[in-house]
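*Asks:* Structure: coords00.cif, mmCIF, C-alpha atoms.
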```cif
data_start
#
loop_
_atom_site.label_atom_id
_atom_site.label_comp_id
_atom_site.auth_asym_id
_atom_site.auth_seq_id
_atom_site.Cartn_x
_atom_site.Cartn_y
_atom_site.Cartn_z
CA MET A 516 112.11 73.85 77.10
CA THR A 517 112.46 73.95 80.87
CA GLU A 518 110.62 76.87 82.40
CA LYS A 519 112.76 79.26 84.46
CA TRP A 520 111.50 80.56 87.78
CA ARG A 521 113.18 83.09 90.06
CA LEU A 522 114.93 82.07 93.27
CA LEU A 523 115.27 84.66 96.03
CA LEU A 524 117.63 84.18 98.95
CA THR A 525 116.82 87.09 101.22
CA GLY A 526 118.56 85.93 104.40
CA ALA A 527 117.31 86.81 107.87
CA ASN A 528 114.90 89.70 108.34
CA THR A 529 112.40 91.07 110.83
CA ALA A 530 108.96 89.48 110.90
CA ALA A 531 107.31 92.52 109.31
CA ARG A 532 109.89 92.72 106.51
CA ASN A 533 109.58 89.00 105.78
CA MET A 534 105.82 89.20 105.40
CA ALA A 535 106.15 92.46 103.42
CA ILE A 536 108.50 90.83 100.90
CA ASP A 537 106.13 87.88 100.36
CA ARG A 538 103.27 90.29 99.75
CA ALA A 539 105.32 92.53 97.44
CA VAL A 540 106.32 89.53 95.32
CA LEU A 541 102.67 88.47 95.17
CA VAL A 542 101.62 91.89 93.86
CA SER A 543 104.51 92.02 91.40
CA ASN A 544 103.80 88.53 90.04
CA SER A 545 100.11 89.35 89.81
CA ASN A 546 100.99 92.39 87.64
CA GLY A 547 103.01 90.14 85.34
CA LYS A 548 106.28 91.88 86.24
CA VAL A 549 108.18 88.83 87.58
CA PRO A 550 108.15 85.07 86.92
CA PRO A 551 106.92 82.51 89.48
CA THR A 552 109.19 82.97 92.48
CA VAL A 553 110.51 80.72 95.24
CA ARG A 554 112.12 82.37 98.26
CA PHE A 555 114.08 80.91 101.16
CA TYR A 556 114.49 83.00 104.30
CA SER A 557 114.81 83.15 108.08
CA TRP A 558 113.92 85.45 110.95
CA LYS A 559 116.03 87.89 112.95
CA PRO A 560 115.07 88.45 115.68
CA PHE A 561 113.24 85.16 116.16
CA ALA A 562 109.53 85.70 115.76
CA ILE A 563 106.00 84.46 116.18
CA SER A 564 103.67 84.70 113.24
CA ILE A 565 99.96 84.25 113.72
CA GLY A 566 97.34 83.26 111.15
CA TYR A 567 95.09 85.89 109.58
CA PHE A 568 92.08 84.75 111.63
CA GLN A 569 93.83 84.56 114.98
CA SER A 570 93.85 87.14 117.72
CA LEU A 571 97.37 88.27 118.66
CA GLU A 572 96.49 88.82 122.30
CA GLU A 573 94.75 85.45 122.59
CA GLU A 574 97.64 83.53 121.03
CA VAL A 575 100.77 85.34 122.15
CA ASP A 576 102.13 86.56 125.50
CA LEU A 577 103.36 89.95 124.28
CA GLY A 578 105.02 90.78 127.62
CA ILE A 579 107.26 87.71 127.42
CA CYS A 580 107.94 88.42 123.74
CA LYS A 581 109.19 91.85 124.73
CA ASP A 582 111.34 90.46 127.56
CA LEU A 583 112.90 87.83 125.29
CA GLY A 584 113.24 90.16 122.27
CA ILE A 585 110.91 88.04 120.16
CA ASP A 586 109.25 89.73 117.21
CA TYR A 587 105.64 89.14 116.12
CA VAL A 588 103.48 89.60 113.04
CA ARG A 589 100.08 88.68 111.64
CA ARG A 590 100.23 86.86 108.30
CA ILE A 591 97.98 87.37 105.28
CA THR A 592 97.53 83.58 105.26
CA GLY A 593 95.30 81.57 107.56
CA GLY A 594 96.52 78.75 109.77
CA GLY A 595 98.03 78.76 113.24
CA ALA A 596 100.64 80.53 115.31
CA VAL A 597 104.22 79.58 114.45
CA PHE A 598 107.37 80.19 116.47
CA HIS A 599 110.09 80.92 113.91
CA GLU A 600 113.44 80.10 115.43
CA ASP A 601 115.80 77.53 113.97
CA GLU A 602 114.16 76.85 110.62
CA LEU A 603 114.15 77.48 106.91
CA THR A 604 111.08 79.34 105.71
CA TYR A 605 110.05 79.15 102.08
CA SER A 606 107.52 80.98 100.00
CA ILE A 607 106.27 80.38 96.49
CA VAL A 608 104.34 82.90 94.41
CA ILE A 609 102.73 81.74 91.17
CA PRO A 610 99.71 82.71 89.05
CA GLU A 611 96.52 80.81 89.84
CA SER A 612 96.24 80.15 86.09
CA HIS A 613 99.64 78.42 85.85
CA LYS A 614 99.37 74.84 84.55
CA GLU A 615 101.05 73.55 87.72
CA ILE A 616 98.37 75.08 89.97
CA SER A 617 95.13 73.21 90.49
CA LYS A 618 91.90 75.15 90.97
CA ASN A 619 91.38 72.81 93.91
CA ILE A 620 93.15 74.42 96.87
CA MET A 621 93.87 71.15 98.69
CA GLU A 622 95.40 69.67 95.53
CA SER A 623 97.68 72.67 95.15
CA TYR A 624 98.76 72.34 98.81
CA GLY A 625 99.70 68.75 98.05
CA HIS A 626 101.69 69.68 94.92
CA ILE A 627 103.65 72.49 96.58
CA CYS A 628 104.27 70.33 99.65
CA GLY A 629 105.58 67.75 97.17
CA ALA A 630 108.54 70.09 96.53
CA ILE A 631 109.31 70.22 100.26
CA ILE A 632 108.98 66.42 100.53
CA LYS A 633 111.45 65.99 97.64
CA GLY A 634 113.75 68.55 99.30
CA LEU A 635 113.65 66.62 102.58
CA LYS A 636 114.38 63.42 100.67
CA ASN A 637 117.48 65.13 99.25
CA ILE A 638 118.87 65.45 102.78
CA GLY A 639 117.87 61.90 103.66
CA ILE A 640 114.47 62.38 105.30
CA LYS A 641 111.46 60.41 104.10
CA SER A 642 108.27 62.37 104.66
CA GLU A 643 104.68 62.66 103.49
CA TYR A 644 101.97 65.29 103.10
CA LYS A 645 99.35 65.22 105.80
CA PRO A 646 96.29 67.31 104.95
CA ILE A 647 95.34 69.96 105.71
CA ASN A 648 98.69 71.69 105.81
CA ASP A 649 101.41 69.58 107.42
CA ILE A 650 104.32 67.45 106.29
CA ILE A 651 105.16 64.58 108.62
CA THR A 652 108.01 62.14 109.05
CA SER A 653 107.51 58.96 111.10
CA GLY A 654 104.18 60.41 112.22
CA LYS A 655 105.67 63.69 113.49
CA LYS A 656 105.29 67.16 112.01
CA ILE A 657 108.44 68.62 110.42
CA SER A 658 106.83 71.30 108.26
CA GLY A 659 103.75 73.54 108.43
CA ASN A 660 102.34 75.41 105.43
CA ALA A 661 99.77 78.09 104.65
CA GLN A 662 98.32 79.29 101.36
CA THR A 663 96.40 82.33 100.25
CA ARG A 664 95.02 83.28 96.86
CA LYS A 665 94.76 86.97 96.04
CA MET A 666 94.77 88.99 92.82
CA LYS A 667 94.56 85.72 90.84
CA THR A 668 97.87 84.70 92.42
CA VAL A 669 98.85 81.93 94.83
CA LEU A 670 101.17 82.59 97.78
CA GLN A 671 102.13 79.62 99.89
CA HIS A 672 104.67 79.88 102.66
CA GLY A 673 105.83 77.36 105.18
CA THR A 674 108.55 76.22 107.53
CA ILE A 675 111.01 73.37 107.62
CA LEU A 676 112.11 72.89 111.22
CA LYS A 677 115.89 72.66 111.57
CA ASP A 678 115.70 72.31 115.32
CA VAL A 679 112.88 72.88 117.77
CA ASN A 680 112.65 74.09 121.36
CA VAL A 681 109.09 73.34 122.45
CA ASP A 682 109.56 74.76 125.98
CA LYS A 683 110.69 78.12 124.61
CA MET A 684 107.87 78.04 122.06
CA PHE A 685 105.29 77.61 124.82
CA SER A 686 106.81 80.35 126.96
CA VAL A 687 105.51 82.85 124.40
CA LEU A 688 102.41 81.08 123.07
CA ARG A 689 99.28 81.27 125.16
CA VAL A 690 97.27 78.09 125.72
CA PRO A 691 93.48 78.06 126.23
CA ASN A 692 93.77 76.26 129.55
CA GLU A 693 96.81 76.85 131.77
CA LYS A 694 95.98 73.75 133.83
CA ILE A 695 96.73 71.45 130.91
CA LYS A 696 99.78 73.39 129.70
CA ASP A 697 102.27 70.72 130.82
CA LYS A 698 100.25 68.02 129.08
CA LEU A 699 100.01 70.17 125.95
CA ILE A 700 103.77 70.73 125.91
CA SER A 701 104.47 67.00 126.22
CA ASP A 702 101.89 66.31 123.47
CA VAL A 703 103.56 68.79 121.15
CA LYS A 704 106.98 67.30 121.97
CA ASP A 705 105.53 63.95 120.87
CA ARG A 706 104.01 65.38 117.69
CA VAL A 707 106.75 67.70 116.39
CA THR A 708 110.24 66.89 115.16
CA SER A 709 113.08 68.58 113.29
CA VAL A 710 115.79 67.90 110.71
CA LYS A 711 118.39 67.81 113.48
CA HIS A 712 116.38 65.34 115.53
CA VAL A 713 115.65 62.98 112.64
CA LEU A 714 119.20 62.93 111.25
CA ASN A 715 120.85 63.19 114.65
CA LYS A 716 123.22 65.86 113.34
CA ASP A 717 123.29 69.55 112.56
CA VAL A 718 122.40 70.48 108.98
CA THR A 719 123.09 74.06 107.89
CA PHE A 720 120.57 76.48 106.44
CA ASN A 721 122.48 76.41 103.13
CA GLN A 722 122.39 72.61 102.94
CA ILE A 723 118.64 72.62 103.47
CA SER A 724 118.21 75.51 101.06
CA ASN A 725 120.15 73.66 98.30
CA ALA A 726 118.12 70.51 98.92
CA MET A 727 114.85 72.48 98.74
CA LYS A 728 115.93 74.25 95.54
CA LYS A 729 116.39 70.85 93.93
CA GLY A 730 113.11 69.70 95.46
CA PHE A 731 111.20 72.53 93.76
CA GLU A 732 113.00 71.92 90.45
CA GLU A 733 112.13 68.22 90.56
CA GLU A 734 108.51 68.64 91.64
CA PHE A 735 107.67 71.34 89.08
CA ASN A 736 110.12 70.32 86.36
CA ILE A 737 111.60 73.83 86.25
CA LYS A 738 114.92 75.57 86.71
CA LEU A 739 115.31 78.00 89.61
CA VAL A 740 117.53 80.93 88.70
CA LYS A 741 118.95 83.13 91.44
CA GLY A 742 117.57 86.64 91.25
CA LYS A 743 116.93 89.77 93.25
CA LEU A 744 113.89 91.77 94.27
CA THR A 745 113.08 94.34 91.59
CA ARG A 746 113.26 98.01 92.54
CA GLU A 747 109.46 98.10 92.51
CA GLU A 748 109.28 95.08 94.83
CA GLU A 749 111.79 96.77 97.17
CA GLU A 750 109.63 99.88 97.28
CA LEU A 751 106.43 97.91 97.74
CA SER A 752 107.96 95.82 100.52
CA LEU A 753 109.04 98.97 102.40
CA LYS A 754 105.50 100.31 102.06
CA PHE A 755 103.88 97.05 103.26
CA ASP A 756 106.39 96.76 106.11
CA LYS A 757 105.58 100.25 107.40
CA GLU A 758 101.89 100.55 106.62
CA CYS A 759 100.77 96.99 107.27
CA PHE A 760 102.97 94.42 109.00
CA SER A 761 104.61 96.83 111.49
CA ALA A 762 101.32 98.60 112.18
CA LYS A 763 99.36 98.02 115.35
CA ASN A 764 96.01 98.15 113.56
CA TRP A 765 97.09 95.21 111.37
CA ASN A 766 98.73 93.02 114.01
CA HIS A 767 95.98 93.63 116.59
CA LYS A 768 93.16 93.54 114.04
CA ARG A 769 91.34 90.61 115.64
CA MET B 1185 75.72 89.44 127.30
CA GLN B 1186 79.26 88.51 126.43
CA SER B 1187 80.49 84.96 125.96
CA LYS B 1188 83.28 82.91 124.40
CA SER B 1189 83.69 79.38 123.15
CA ILE B 1190 86.49 77.16 121.92
CA TYR B 1191 85.58 74.24 119.67
CA LYS B 1192 87.75 71.76 117.78
CA ILE B 1193 86.02 71.05 114.47
CA PRO B 1194 86.00 67.25 113.91
CA ASP B 1195 88.76 66.59 111.31
CA GLY B 1196 89.31 70.33 111.18
CA LYS B 1197 90.85 73.23 113.04
CA LEU B 1198 90.40 74.97 116.40
CA LEU B 1199 87.65 77.58 116.31
CA LYS B 1200 87.34 80.40 118.84
CA ILE B 1201 84.17 82.48 119.01
CA SER B 1202 83.75 85.72 120.88
CA LEU B 1203 80.09 86.73 121.06
CA ILE B 1204 78.09 89.68 122.32
CA TYR B 1205 74.38 88.97 122.19
CA ASP B 1206 70.97 90.26 123.18
CA LYS B 1207 69.82 87.88 125.89
CA LYS B 1208 66.15 88.86 125.70
CA ASN B 1209 65.73 88.50 121.94
CA ARG B 1210 68.48 85.85 121.56
CA THR B 1211 70.10 87.68 118.65
CA ILE B 1212 73.74 88.42 117.78
CA ASP B 1213 75.01 91.95 118.52
CA LYS B 1214 78.65 91.32 117.60
CA ILE B 1215 80.68 88.24 116.73
CA SER B 1216 84.37 87.47 116.15
CA ILE B 1217 85.24 84.22 114.39
CA MET B 1218 88.86 83.31 115.16
CA GLY B 1219 91.13 80.31 114.84
CA ASP B 1220 93.76 78.48 112.81
CA PHE B 1221 91.43 77.55 109.93
CA PHE B 1222 91.60 78.76 106.31
CA ALA B 1223 88.96 80.73 104.42
CA TYR B 1224 89.11 81.95 100.82
CA PRO B 1225 89.02 84.83 100.34
CA GLU B 1226 90.24 85.71 103.84
CA GLU B 1227 88.20 88.91 103.98
CA SER B 1228 85.04 86.80 103.77
CA ILE B 1229 85.24 86.14 107.52
CA GLU B 1230 84.74 89.85 108.23
CA LEU B 1231 81.81 89.84 105.81
CA LEU B 1232 80.36 86.80 107.57
CA GLU B 1233 80.78 88.49 110.97
CA ASN B 1234 78.92 91.57 109.72
CA GLU B 1235 76.12 89.60 108.05
CA LEU B 1236 75.53 87.54 111.19
CA ILE B 1237 74.62 90.61 113.26
CA ASN B 1238 70.95 90.41 114.38
CA THR B 1239 70.73 86.73 113.41
CA LYS B 1240 68.58 84.63 115.75
CA LEU B 1241 70.63 82.42 118.04
CA ASP B 1242 69.03 79.11 117.24
CA GLU B 1243 70.71 76.26 115.44
CA ASP B 1244 68.55 76.22 112.28
CA SER B 1245 68.53 80.00 111.72
CA LEU B 1246 72.29 80.19 112.18
CA PHE B 1247 73.10 77.20 110.00
CA ASN B 1248 70.84 78.42 107.18
CA LYS B 1249 72.14 81.99 107.36
CA ILE B 1250 75.78 80.84 107.31
CA ASN B 1251 75.11 78.55 104.34
CA THR B 1252 73.34 81.31 102.43
CA ILE B 1253 76.22 83.77 102.99
CA ILE B 1254 78.79 81.16 101.91
CA LYS B 1255 76.93 80.32 98.70
CA LYS B 1256 76.16 83.93 97.84
CA ASN B 1257 79.77 85.03 98.23
CA ASN B 1258 81.57 81.92 96.93
CA ILE B 1259 83.40 81.43 100.22
CA GLU B 1260 85.57 78.35 100.57
CA PHE B 1261 86.46 77.02 104.03
CA ILE B 1262 89.26 74.59 104.84
CA GLY B 1263 89.34 73.13 108.34
CA LEU B 1264 86.02 74.82 109.09
CA ASN B 1265 82.43 74.16 108.03
CA PRO B 1266 78.95 75.67 108.59
CA LYS B 1267 77.93 72.92 111.02
CA GLY B 1268 81.06 73.40 113.16
CA LEU B 1269 80.66 77.15 113.10
CA THR B 1270 77.01 76.85 114.19
CA THR B 1271 77.97 74.46 117.01
CA ALA B 1272 80.71 76.80 118.26
CA ILE B 1273 78.37 79.82 118.26
CA MET B 1274 75.63 77.88 120.11
CA MET B 1275 78.22 76.76 122.69
CA CYS B 1276 78.53 80.41 123.73
CA LEU B 1277 75.01 80.17 125.21
CA LYS B 1278 75.82 77.28 127.54
#
```
Output the structure of this file as structure tokens.

*Replies:*
Amino acid sequence: MTEKWRLLLTGANTAARNMAIDRAVLVSNSNGKVPPTVRFYSWKPFAISIGYFQSLEEEVDLGICKDLGIDYVRRITGGGAVFHEDELTYSIVIPESHKEISKNIMESYGHICGAIIKGLKNIGIKSEYKPINDIITSGKKISGNAQTRKMKTVLQHGTILKDVNVDKMFSVLRVPNEKIKDKLISDVKDRVTSVKHVLNKDVTFNQISNAMKKGFEEEFNIKLVKGKLTREEEELSLKFDKECFSAKNWNHKR
Amino acid sequence: MQSKSIYKIPDGKLLKISLIYDKKNRTIDKISIMGDFFAYPEESIELLENELINTKLDEDSLFNKINTIIKKNNIEFIGLNPKGLTTAIMMCLK
């Protein structure tokens, strides 16, 4: 019988709330209260997320963020700084012991990215997994991904770029050497692409979300059933939002 | 003494080290290991930073100490490795 997983469509939220929901689902799944869960979401206001090991002040110009109304948050996953603007963000939460999850972290990245690759194929984009944590199409990055394993549970989240504005991205991201900033921007423009750019047309969030839903179902041979956060997850997410992801001592930890 | 380094690990991620060290004894007073790498569990980086305090700043001592801590605590790095970490820390002295 086909296994049923939960699908959450939580819409657009603040950076802190988005990261709080992912963490709440992780805890809830770890306690055996909810099935493996896939979530699709976006960010309002637009936001920068930084990796667990990054320093907020080193990576992000907080003054410009404030001027432009751009939100920021530190993730519980490693990886780099991401500017979340016109994109679909996904997360998957699943027990480490699940038969679909390899003990080998790189293998599990590849498998989960396989769902995104199938999703992209469903909207007409051929892509491939590029270790460590990227998905590329015609040599250019279209998706970045990050995984953590806590409480015997895997959380992987990542982005699928709908459209990308590299100049805006670099107005808020700090670069190690200002002298080479222009070169860096042109390099990134050469290395990064988006759904809109590849297909030469606008594709809506819902179209990408439907394609990704199918992608996950195909890759894991499961059925995704639309669900909601449980009351406990709601409560946990409010707690994590307030005490962790909105808190200065978390975001400025490093 | 305070120093910083930025080092791109070959086939890996960008590592940023912030180091405060005792110049006379060449030992670590405080170290921050930052970057876009992955480490499992994540909290192991803080443990590594704490355990490296007072470590001699020479390549062999650092490399051996880092390896010992990794093995003892079952730490898994992705996009980072003991050799790259040692190189980045030593770069702070140049």

*Asks:* Near chain A, which residues of chain B fall within 7 Å when you count only C-alpha atoms, and what do they look like as a PyMOL selection string?

*Replies:* chain B and resi 1218-1222

*Asks:* Would you write out, as a VMD selection string, every residue that the PyMOL selection byres ((chain B and resi 1245) around 12) captures in this file?

*Replies:* chain B and resid 1210 to 1212 1236 1238 to 1244 1246 to 1252 1266 to 1267 1270 1273 to 1274

*Asks:* One decimal, Å: what's the distance from atom CA of A:Glu600 over to atom CA of A:Phe561, could you say?

*Replies:*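 These two atoms are separated by 5.1 Å.
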
*Asks:* Just to confirm, what's the straight-line distance from atom CA of A:Thr525 to atom CA of A:Leu744 in Å (one decimal)?

*Replies:*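 Separation between atom CA of A:Thr525 and atom CA of A:Leu744: 8.9 Å.
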
*Asks:* Have a look at atom CA of A:His613 and atom CA of B:Glu1260 and let me know their distance in Å, one decimal.

*Replies:*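 If I compute the distance from atom CA of A:His613 to atom CA of B:Glu1260, I get 20.4 Å.
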
*Asks:* Take the PyMOL selection byres ((chain A and resi 581) around 12), run it mentally on this structure, and tell me the resulting residues as a ChimeraX atom specification.

*Replies:* /A:560-563,575-580,582-587,686-687

*Asks:* Would you list the contacts of A:His599 as a short mmCIF file (atom, residue, chain, number, x, y, z; two decimals) with C-alpha atoms, keeping the file's coordinate frame, taking every protein, DNA or RNA residue within 9 Å and counting all atoms listed in the file, but skipping same-chain residues closer than 4 positions in sequence?

*Replies:*
```cif
data_model
loop_
_atom_site.label_atom_id
_atom_site.label_comp_id
_atom_site.auth_asym_id
_atom_site.auth_seq_id
_atom_site.Cartn_x
_atom_site.Cartn_y
_atom_site.Cartn_z
CA SER A 557 114.81 83.15 108.08
CA TRP A 558 113.92 85.45 110.95
CA PHE A 561 113.24 85.16 116.16
CA ALA A 562 109.53 85.70 115.76
CA ILE A 563 106.00 84.46 116.18
CA SER A 564 103.67 84.70 113.24
CA LEU A 603 114.15 77.48 106.91
CA THR A 604 111.08 79.34 105.71
CA THR A 674 108.55 76.22 107.53
CA LEU A 676 112.11 72.89 111.22
CA MET A 684 107.87 78.04 122.06
#
```

*Asks:* Quick one: residues within 12 Å of B:Asn1257, only C-alpha atoms counted, chain neighbours fewer than 3 positions away excluded, as a ChimeraX atom specification?

*Replies:* /B:1223-1229,1231-1232,1235,1250-1254,1260-1261

*Asks:* Report as a list in words the full result of the PyMOL selection byres ((chain B and resi 1268) around 9) when it is applied to this structure.

*Replies:*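 Evaluating the PyMOL selection byres ((chain B and resi 1268) around 9) on these coordinates yields Tyr1191, Lys1192, Ile1193, Pro1194, Leu1199, Leu1264, Asn1265, Pro1266, Lys1267, Leu1269, Thr1270, Thr1271, Ala1272 and Ile1273 of chain B.
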
*Asks:* Write the residues of the selection above to a file with C-alpha atoms, as a PDB file, keeping the file's coordinate frame.

*Replies:*
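Output (out-v3.pdb):
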```pdb
ATOM      1  CA  TYR B1191      85.580  74.240 119.670  1.00  0.00           C
ATOM      2  CA  LYS B1192      87.750  71.760 117.780  1.00  0.00           C
ATOM      3  CA  ILE B1193      86.020  71.050 114.470  1.00  0.00           C
ATOM      4  CA  PRO B1194      86.000  67.250 113.910  1.00  0.00           C
ATOM      5  CA  LEU B1199      87.650  77.580 116.310  1.00  0.00           C
ATOM      6  CA  LEU B1264      86.020  74.820 109.090  1.00  0.00           C
ATOM      7  CA  ASN B1265      82.430  74.160 108.030  1.00  0.00           C
ATOM      8  CA  PRO B1266      78.950  75.670 108.590  1.00  0.00           C
ATOM      9  CA  LYS B1267      77.930  72.920 111.020  1.00  0.00           C
ATOM     10  CA  LEU B1269      80.660  77.150 113.100  1.00  0.00           C
ATOM     11  CA  THR B1270      77.010  76.850 114.190  1.00  0.00           C
ATOM     12  CA  THR B1271      77.970  74.460 117.010  1.00  0.00           C
ATOM     13  CA  ALA B1272      80.710  76.800 118.260  1.00  0.00           C
ATOM     14  CA  ILE B1273      78.370  79.820 118.260  1.00  0.00           C
TER      15      ILE B1273
END
```

*Asks:* Counting all atoms listed in the file, find residues at most 6 Å from (80.1, 89.0, 121.0) (file frame) and give them as a ChimeraX atom specification.

*Replies:* /B:1186,1202-1205,1214-1215

*Asks:* Write out as a PyMOL selection string the residues lying within 9 Å of B:Leu1277, counting only C-alpha atoms and excluding same-chain residues fewer than 5 positions away.

*Replies:* chain B and resi 1187-1189+1241

*Asks:* Could the residues in this selection be saved with C-alpha atoms as a CSV table (one decimal), keeping the file's coordinate frame?

*Replies:*
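Wrote it out as result.csv, contents follow:
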```csv
chain,number,residue,atom,x,y,z
B,1187,SER,CA,80.5,85.0,126.0
B,1188,LYS,CA,83.3,82.9,124.4
B,1189,SER,CA,83.7,79.4,123.2
B,1241,LEU,CA,70.6,82.4,118.0
```

*Asks:* Select all residues near (112.9, 75.0, 112.8) (cut-off 12 Å, inclusive, file coordinates), counting only C-alpha atoms, and output them as an NGL selection string.

*Replies:* :A and (556-558 or 561-562 or 597-605 or 656-659 or 673-681 or 684 or 707-712 or 717-720 or 723)

*Asks:* Mind filling out stretch 598-621 of chain A with N, CA and C atoms and sending it as a PDB file, in the coordinates of the input?

*Replies:*
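Output file selection_11.pdb is given in full below:
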```
ATOM      1  N   PHE A 598     106.179  79.595 115.853  1.00  0.00           N
ATOM      2  CA  PHE A 598     107.370  80.190 116.470  1.00  0.00           C
ATOM      3  C   PHE A 598     108.539  79.953 115.516  1.00  0.00           C
ATOM      4  N   HIS A 599     109.029  81.044 114.919  1.00  0.00           N
ATOM      5  CA  HIS A 599     110.090  80.920 113.910  1.00  0.00           C
ATOM      6  C   HIS A 599     111.448  81.112 114.572  1.00  0.00           C
ATOM      7  N   GLU A 600     112.125  80.010 114.786  1.00  0.00           N
ATOM      8  CA  GLU A 600     113.440  80.100 115.430  1.00  0.00           C
ATOM      9  C   GLU A 600     114.464  79.465 114.503  1.00  0.00           C
ATOM     10  N   ASP A 601     114.772  78.196 114.770  1.00  0.00           N
ATOM     11  CA  ASP A 601     115.800  77.530 113.970  1.00  0.00           C
ATOM     12  C   ASP A 601     115.119  76.779 112.830  1.00  0.00           C
ATOM     13  N   GLU A 602     114.921  77.452 111.723  1.00  0.00           N
ATOM     14  CA  GLU A 602     114.160  76.850 110.620  1.00  0.00           C
ATOM     15  C   GLU A 602     114.550  77.484 109.299  1.00  0.00           C
ATOM     16  N   LEU A 603     114.112  76.844 108.222  1.00  0.00           N
ATOM     17  CA  LEU A 603     114.150  77.480 106.910  1.00  0.00           C
ATOM     18  C   LEU A 603     112.698  77.761 106.551  1.00  0.00           C
ATOM     19  N   THR A 604     112.425  78.993 106.166  1.00  0.00           N
ATOM     20  CA  THR A 604     111.080  79.340 105.710  1.00  0.00           C
ATOM     21  C   THR A 604     111.133  79.487 104.192  1.00  0.00           C
ATOM     22  N   TYR A 605     110.104  78.980 103.527  1.00  0.00           N
ATOM     23  CA  TYR A 605     110.050  79.150 102.080  1.00  0.00           C
ATOM     24  C   TYR A 605     108.776  79.906 101.738  1.00  0.00           C
ATOM     25  N   SER A 606     108.791  80.527 100.562  1.00  0.00           N
ATOM     26  CA  SER A 606     107.520  80.980 100.000  1.00  0.00           C
ATOM     27  C   SER A 606     107.551  80.732  98.503  1.00  0.00           C
ATOM     28  N   ILE A 607     106.391  80.500  97.942  1.00  0.00           N
ATOM     29  CA  ILE A 607     106.270  80.380  96.490  1.00  0.00           C
ATOM     30  C   ILE A 607     105.121  81.281  96.062  1.00  0.00           C
ATOM     31  N   VAL A 608     105.362  82.024  94.985  1.00  0.00           N
ATOM     32  CA  VAL A 608     104.340  82.900  94.410  1.00  0.00           C
ATOM     33  C   VAL A 608     104.185  82.528  92.943  1.00  0.00           C
ATOM     34  N   ILE A 609     102.966  82.255  92.530  1.00  0.00           N
ATOM     35  CA  ILE A 609     102.730  81.740  91.170  1.00  0.00           C
ATOM     36  C   ILE A 609     101.295  82.075  90.747  1.00  0.00           C
ATOM     37  N   PRO A 610     101.084  82.392  89.467  1.00  0.00           N
ATOM     38  CA  PRO A 610      99.710  82.710  89.050  1.00  0.00           C
ATOM     39  C   PRO A 610      98.762  81.526  89.273  1.00  0.00           C
ATOM     40  N   GLU A 611      97.537  81.853  89.649  1.00  0.00           N
ATOM     41  CA  GLU A 611      96.520  80.810  89.840  1.00  0.00           C
ATOM     42  C   GLU A 611      96.280  80.047  88.534  1.00  0.00           C
ATOM     43  N   SER A 612      96.521  80.738  87.400  1.00  0.00           N
ATOM     44  CA  SER A 612      96.240  80.150  86.090  1.00  0.00           C
ATOM     45  C   SER A 612      97.377  79.262  85.582  1.00  0.00           C
ATOM     46  N   HIS A 613      98.490  79.218  86.301  1.00  0.00           N
ATOM     47  CA  HIS A 613      99.640  78.420  85.850  1.00  0.00           C
ATOM     48  C   HIS A 613      99.236  76.953  85.765  1.00  0.00           C
ATOM     49  N   LYS A 614      99.778  76.250  84.759  1.00  0.00           N
ATOM     50  CA  LYS A 614      99.370  74.840  84.550  1.00  0.00           C
ATOM     51  C   LYS A 614      99.715  73.952  85.748  1.00  0.00           C
ATOM     52  N   GLU A 615     100.669  74.365  86.556  1.00  0.00           N
ATOM     53  CA  GLU A 615     101.050  73.550  87.720  1.00  0.00           C
ATOM     54  C   GLU A 615     100.125  73.763  88.922  1.00  0.00           C
ATOM     55  N   ILE A 616      99.217  74.750  88.813  1.00  0.00           N
ATOM     56  CA  ILE A 616      98.370  75.080  89.970  1.00  0.00           C
ATOM     57  C   ILE A 616      96.938  74.613  89.738  1.00  0.00           C
ATOM     58  N   SER A 617      96.494  73.709  90.588  1.00  0.00           N
ATOM     59  CA  SER A 617      95.130  73.210  90.490  1.00  0.00           C
ATOM     60  C   SER A 617      94.152  74.260  91.018  1.00  0.00           C
ATOM     61  N   LYS A 618      92.955  74.274  90.445  1.00  0.00           N
ATOM     62  CA  LYS A 618      91.900  75.150  90.970  1.00  0.00           C
ATOM     63  C   LYS A 618      91.510  74.686  92.375  1.00  0.00           C
ATOM     64  N   ASN A 619      91.702  73.393  92.603  1.00  0.00           N
ATOM     65  CA  ASN A 619      91.380  72.810  93.910  1.00  0.00           C
ATOM     66  C   ASN A 619      92.499  73.155  94.910  1.00  0.00           C
ATOM     67  N   ILE A 620      92.134  73.901  95.952  1.00  0.00           N
ATOM     68  CA  ILE A 620      93.150  74.420  96.870  1.00  0.00           C
ATOM     69  C   ILE A 620      93.920  73.286  97.564  1.00  0.00           C
ATOM     70  N   MET A 621      93.187  72.261  97.999  1.00  0.00           N
ATOM     71  CA  MET A 621      93.870  71.150  98.690  1.00  0.00           C
ATOM     72  C   MET A 621      94.847  70.441  97.764  1.00  0.00           C
TER      73      MET A 621
END
```
